[in-house]
>>> print(open('query-v4.txt').read())   # compact mmCIF, C-alpha atoms
# COMPACT_ATOMS: atom_id res chain seq x y z
CA MET A 1 -97.71 -66.31 161.42
CA PRO A 2 -94.10 -67.38 162.06
CA ALA A 3 -91.62 -67.06 159.20
CA VAL A 4 -90.35 -70.20 157.52
CA THR A 5 -86.77 -70.65 156.35
CA ILE A 6 -86.28 -72.94 153.38
CA VAL A 7 -82.76 -74.18 152.63
CA ARG A 8 -81.36 -75.40 149.32
CA ARG A 9 -78.05 -77.20 149.06
CA ALA A 10 -75.60 -77.30 146.12
CA THR A 11 -72.11 -78.70 145.78
CA PHE A 12 -69.06 -77.66 143.82
CA ALA A 13 -65.39 -78.52 143.59
CA ALA A 14 -62.77 -75.79 143.40
CA ALA A 15 -59.09 -75.13 143.96
CA HIS A 16 -57.54 -72.19 145.76
CA VAL A 17 -54.49 -71.00 147.63
CA LEU A 18 -54.44 -68.86 150.75
CA ARG A 19 -51.59 -66.39 150.64
CA ARG A 20 -50.70 -62.74 150.50
CA GLU A 21 -48.35 -61.85 147.65
CA GLU A 22 -46.61 -59.15 149.72
CA TRP A 23 -45.62 -61.74 152.35
CA ASP A 24 -42.68 -64.08 151.91
CA GLU A 25 -43.10 -67.85 151.79
CA ALA A 26 -42.21 -68.29 155.46
CA LYS A 27 -44.87 -65.85 156.67
CA ASN A 28 -47.53 -67.29 154.33
CA CYS A 29 -46.77 -70.80 155.61
CA ALA A 30 -46.77 -69.62 159.23
CA VAL A 31 -50.20 -67.95 158.86
CA PHE A 32 -51.97 -70.21 156.36
CA GLY A 33 -50.16 -73.52 156.95
CA ALA A 34 -50.67 -76.18 154.28
CA CYS A 35 -53.33 -73.95 152.69
CA ALA A 36 -50.54 -71.61 151.48
CA GLY A 37 -50.08 -74.02 148.56
CA ASP A 38 -52.53 -74.87 145.79
CA HIS A 39 -55.18 -77.35 146.94
CA GLY A 40 -58.88 -77.98 146.51
CA HIS A 41 -62.11 -78.79 148.29
CA ASN A 42 -65.48 -80.32 147.59
CA TYR A 43 -67.65 -77.53 148.94
CA VAL A 44 -71.27 -77.60 150.07
CA LEU A 45 -73.23 -74.36 149.74
CA GLU A 46 -76.50 -74.00 151.65
CA VAL A 47 -78.74 -71.00 151.06
CA GLY A 48 -81.67 -70.22 153.36
CA LEU A 49 -84.55 -67.91 152.44
CA ALA A 50 -87.03 -66.72 155.05
CA GLY A 51 -90.61 -65.71 154.50
CA ASN A 52 -94.20 -66.78 154.71
CA PRO A 53 -95.42 -69.53 152.40
CA GLU A 54 -97.60 -68.23 149.57
CA SER A 55 -101.22 -69.21 150.01
CA ASP A 56 -101.50 -70.47 146.41
CA THR A 57 -98.46 -72.77 146.48
CA GLY A 58 -97.56 -73.30 150.14
CA MET A 59 -93.96 -72.34 149.23
CA VAL A 60 -91.67 -69.54 150.35
CA ILE A 61 -89.95 -70.00 146.97
CA ASN A 62 -90.06 -72.72 144.38
CA LEU A 63 -86.91 -74.76 144.98
CA LYS A 64 -86.35 -75.04 141.23
CA ASP A 65 -86.10 -71.24 141.10
CA LEU A 66 -83.75 -71.09 144.08
CA ASP A 67 -81.56 -73.82 142.59
CA ARG A 68 -81.36 -71.94 139.27
CA LEU A 69 -80.49 -68.70 141.08
CA MET A 70 -77.72 -70.38 143.09
CA ARG A 71 -76.27 -71.92 139.95
CA GLN A 72 -76.37 -68.69 137.94
CA ALA A 73 -75.08 -66.43 140.72
CA VAL A 74 -72.37 -68.69 142.15
CA ILE A 75 -71.98 -72.34 141.11
CA GLU A 76 -71.46 -71.84 137.36
CA ASP A 77 -68.58 -69.45 138.07
CA VAL A 78 -66.78 -71.45 140.77
CA ASP A 79 -67.31 -75.14 139.98
CA HIS A 80 -64.10 -76.82 138.80
CA ARG A 81 -62.28 -73.48 138.81
CA HIS A 82 -59.28 -72.04 140.59
CA LEU A 83 -60.84 -69.40 142.83
CA ASN A 84 -57.77 -67.13 142.87
CA ARG A 85 -57.30 -67.07 139.10
CA ASP A 86 -60.52 -68.00 137.30
CA VAL A 87 -63.31 -66.05 139.00
CA PRO A 88 -63.28 -62.34 138.13
CA TRP A 89 -65.54 -61.31 141.02
CA LEU A 90 -63.12 -62.94 143.49
CA GLN A 91 -60.00 -61.15 142.19
CA GLY A 92 -58.04 -59.65 145.07
CA VAL A 93 -59.94 -61.69 147.67
CA ILE A 94 -58.13 -64.23 149.82
CA PRO A 95 -60.54 -67.15 149.26
CA THR A 96 -60.96 -68.27 152.86
CA ALA A 97 -64.27 -69.92 153.66
CA GLU A 98 -65.28 -66.70 155.42
CA ASN A 99 -64.53 -64.48 152.43
CA LEU A 100 -66.18 -66.90 150.01
CA ALA A 101 -69.36 -67.07 152.09
CA LEU A 102 -69.53 -63.27 152.21
CA ALA A 103 -68.96 -62.98 148.46
CA PHE A 104 -71.64 -65.60 147.80
CA TRP A 105 -74.04 -63.74 150.13
CA HIS A 106 -73.58 -60.50 148.16
CA ARG A 107 -74.06 -62.21 144.77
CA LEU A 108 -77.23 -63.95 145.95
CA ASN A 109 -78.64 -61.04 147.93
CA GLU A 110 -78.54 -58.67 144.95
CA ARG A 111 -80.70 -61.10 142.96
CA LEU A 112 -83.36 -61.76 145.61
CA PRO A 113 -86.20 -59.68 147.01
CA GLU A 114 -84.96 -57.45 149.82
CA GLY A 115 -84.75 -59.12 153.20
CA CYS A 116 -85.50 -62.71 152.20
CA LEU A 117 -81.92 -64.06 152.25
CA ALA A 118 -81.58 -65.42 155.78
CA ARG A 119 -78.36 -67.41 155.69
CA VAL A 120 -75.50 -68.68 153.57
CA ARG A 121 -73.57 -71.63 154.92
CA LEU A 122 -70.41 -72.87 153.23
CA VAL A 123 -68.92 -76.21 154.22
CA GLU A 124 -65.28 -76.44 153.15
CA SER A 125 -64.50 -79.79 154.77
CA GLU A 126 -66.04 -82.14 157.30
CA ASN A 127 -64.35 -80.08 160.02
CA ASN A 128 -64.71 -76.53 158.66
CA SER A 129 -67.76 -74.47 157.80
CA VAL A 130 -68.84 -70.84 157.99
CA GLU A 131 -72.25 -69.26 158.15
CA VAL A 132 -73.38 -65.75 157.26
CA THR A 133 -76.75 -64.74 158.69
CA ARG A 134 -79.00 -61.73 158.53
>>> encode(input="query-v4.txt", output="structure tokens")
Amino acid sequence: MPAVTIVRRATFAAAHVLRREEWDEAKNCAVFGACAGDHGHNYVLEVGLAGNPESDTGMVINLKDLDRLMRQAVIEDVDHRHLNRDVPWLQGVIPTAENLALAFWHRLNERLPEGCLARVRLVESENNSVEVTR
């Protein structure tokens, strides 16, 4: 039987700044552009779990359970927060979309059965997204 991937979507709004403290303003602006200053995004987080549907329910996972997991592991900590200052598990991380997606993957993966997390996709803007896959 082929595996099925089910995807749940959640949204959050957060502020961040992309910069390295050891670099001067000119280098931060040259590397990170306008993102070297405080700004925010309305993010979309998509989480995909792969598996075979259970015979009793026809579901890989109950979407209510996946939604609750996403909220507890990620959304509650990042929504309407400044990612550089307000999220302890992101301290020391430059909060690029890539680094955020990886951090979200690790937080979700440690709470799920081994091997079922198939993908984490983070949409930062209509033009920018990143995907982490197994």
>>> residues_near_point(input="query-v4.txt", point="(-88.3, -74.2, 144.3)", cutoff="12 Å", atoms="all atoms listed in the file", output="NGL selection string")
:A and (6-9 or 48-49 or 53 or 57-70)
>>> axis_aligned_box(input="query-v4.txt", around="stretch 100-104 of chain A", padding_each_side="8 Å", output="JSON")
{"center_x": -68.9, "center_y": -65.0, "center_z": 150.0, "size_x": 21.5, "size_y": 20.1, "size_z": 20.4}
>>> closest_residue(input="query-v4.txt", among="A:Leu18, A:Leu45, A:Leu90, A:Val130", to="A:Asp77", atoms="all atoms listed in the file")
A:Leu90
>>> closest_residue(input="query-v4.txt", among="A:Val78, A:Ala73, A:Val123, A:Trp89", to="A:Asn109", atoms="all atoms listed in the file")
A:Ala73
>>> residues_around(input="query-v4.txt", residues="A:Ala101", least_positions_apart="6", cutoff="7 Å", atoms="all atoms listed in the file", output="VMD selection string")
chain A and resid 120 to 122 132
>>> atom_distance(input="query-v4.txt", atom1="atom CA of A:Glu126", atom2="atom CA of A:Ala26")
27.6 Å
>>> atom_distance(input="query-v4.txt", atom1="atom CA of A:His39", atom2="atom CA of A:Val17")
6.4 Å
>>> residues_around(input="query-v4.txt", residues="A:Gly51", least_positions_apart="3", cutoff="7 Å", atoms="only C-alpha atoms", output="ChimeraX atom specification")
/A:3-5,60,116
>>> write_last_selection(input="query-v4.txt", atoms="C-alpha atoms", output="mmCIF file, keeping the file's coordinate frame")
data_model
loop_
_atom_site.group_PDB
_atom_site.id
_atom_site.type_symbol
_atom_site.label_atom_id
_atom_site.label_comp_id
_atom_site.auth_asym_id
_atom_site.auth_seq_id
_atom_site.Cartn_x
_atom_site.Cartn_y
_atom_site.Cartn_z
ATOM 1 C CA ALA A 3 -91.620 -67.060 159.200
ATOM 2 C CA VAL A 4 -90.350 -70.200 157.520
ATOM 3 C CA THR A 5 -86.770 -70.650 156.350
ATOM 4 C CA VAL A 60 -91.670 -69.540 150.350
ATOM 5 C CA CYS A 116 -85.500 -62.710 152.200
#
>>> atom_distance(input="query-v4.txt", atom1="atom CA of A:Asn128", atom2="atom CA of A:Gly33")
15.0 Å
>>> build_atoms(input="query-v4.txt", residues="stretch 67-84 of chain A", atoms="N, CA and C atoms", output="short mmCIF file (atom, residue, chain, number, x, y, z; two decimals), keeping the file's coordinate frame")
data_model
loop_
_atom_site.label_atom_id
_atom_site.label_comp_id
_atom_site.auth_asym_id
_atom_site.auth_seq_id
_atom_site.Cartn_x
_atom_site.Cartn_y
_atom_site.Cartn_z
N ASP A 67 -82.68 -73.06 143.14
CA ASP A 67 -81.56 -73.82 142.59
C ASP A 67 -80.98 -73.10 141.37
N ARG A 68 -81.83 -72.64 140.46
CA ARG A 68 -81.36 -71.94 139.27
C ARG A 68 -80.61 -70.66 139.66
N LEU A 69 -81.14 -69.91 140.62
CA LEU A 69 -80.49 -68.70 141.08
C LEU A 69 -79.11 -68.98 141.66
N MET A 70 -79.01 -70.02 142.50
CA MET A 70 -77.72 -70.38 143.09
C MET A 70 -76.72 -70.76 142.01
N ARG A 71 -77.17 -71.50 141.03
CA ARG A 71 -76.27 -71.92 139.95
C ARG A 71 -75.81 -70.74 139.11
N GLN A 72 -76.73 -69.84 138.78
CA GLN A 72 -76.37 -68.69 137.94
C GLN A 72 -75.51 -67.68 138.69
N ALA A 73 -75.80 -67.45 139.95
CA ALA A 73 -75.08 -66.43 140.72
C ALA A 73 -73.72 -66.90 141.22
N VAL A 74 -73.59 -68.21 141.49
CA VAL A 74 -72.37 -68.69 142.15
C VAL A 74 -71.79 -69.93 141.47
N ILE A 75 -72.53 -71.02 141.45
CA ILE A 75 -71.98 -72.34 141.11
C ILE A 75 -71.34 -72.37 139.72
N GLU A 76 -72.00 -71.80 138.72
CA GLU A 76 -71.46 -71.84 137.36
C GLU A 76 -70.09 -71.16 137.27
N ASP A 77 -69.85 -70.16 138.10
CA ASP A 77 -68.58 -69.45 138.07
C ASP A 77 -67.47 -70.13 138.85
N VAL A 78 -67.82 -70.92 139.88
CA VAL A 78 -66.78 -71.45 140.77
C VAL A 78 -66.53 -72.95 140.61
N ASP A 79 -67.46 -73.69 140.05
CA ASP A 79 -67.31 -75.14 139.98
C ASP A 79 -66.18 -75.53 139.03
N HIS A 80 -65.27 -76.35 139.53
CA HIS A 80 -64.10 -76.82 138.80
C HIS A 80 -63.24 -75.66 138.29
N ARG A 81 -63.10 -74.65 139.12
CA ARG A 81 -62.28 -73.48 138.81
C ARG A 81 -61.25 -73.28 139.91
N HIS A 82 -60.24 -72.49 139.59
CA HIS A 82 -59.28 -72.04 140.59
C HIS A 82 -59.78 -70.68 141.06
N LEU A 83 -60.16 -70.58 142.32
CA LEU A 83 -60.84 -69.40 142.83
C LEU A 83 -59.97 -68.15 142.80
N ASN A 84 -58.66 -68.29 142.91
CA ASN A 84 -57.77 -67.13 142.87
C ASN A 84 -57.60 -66.59 141.46
#
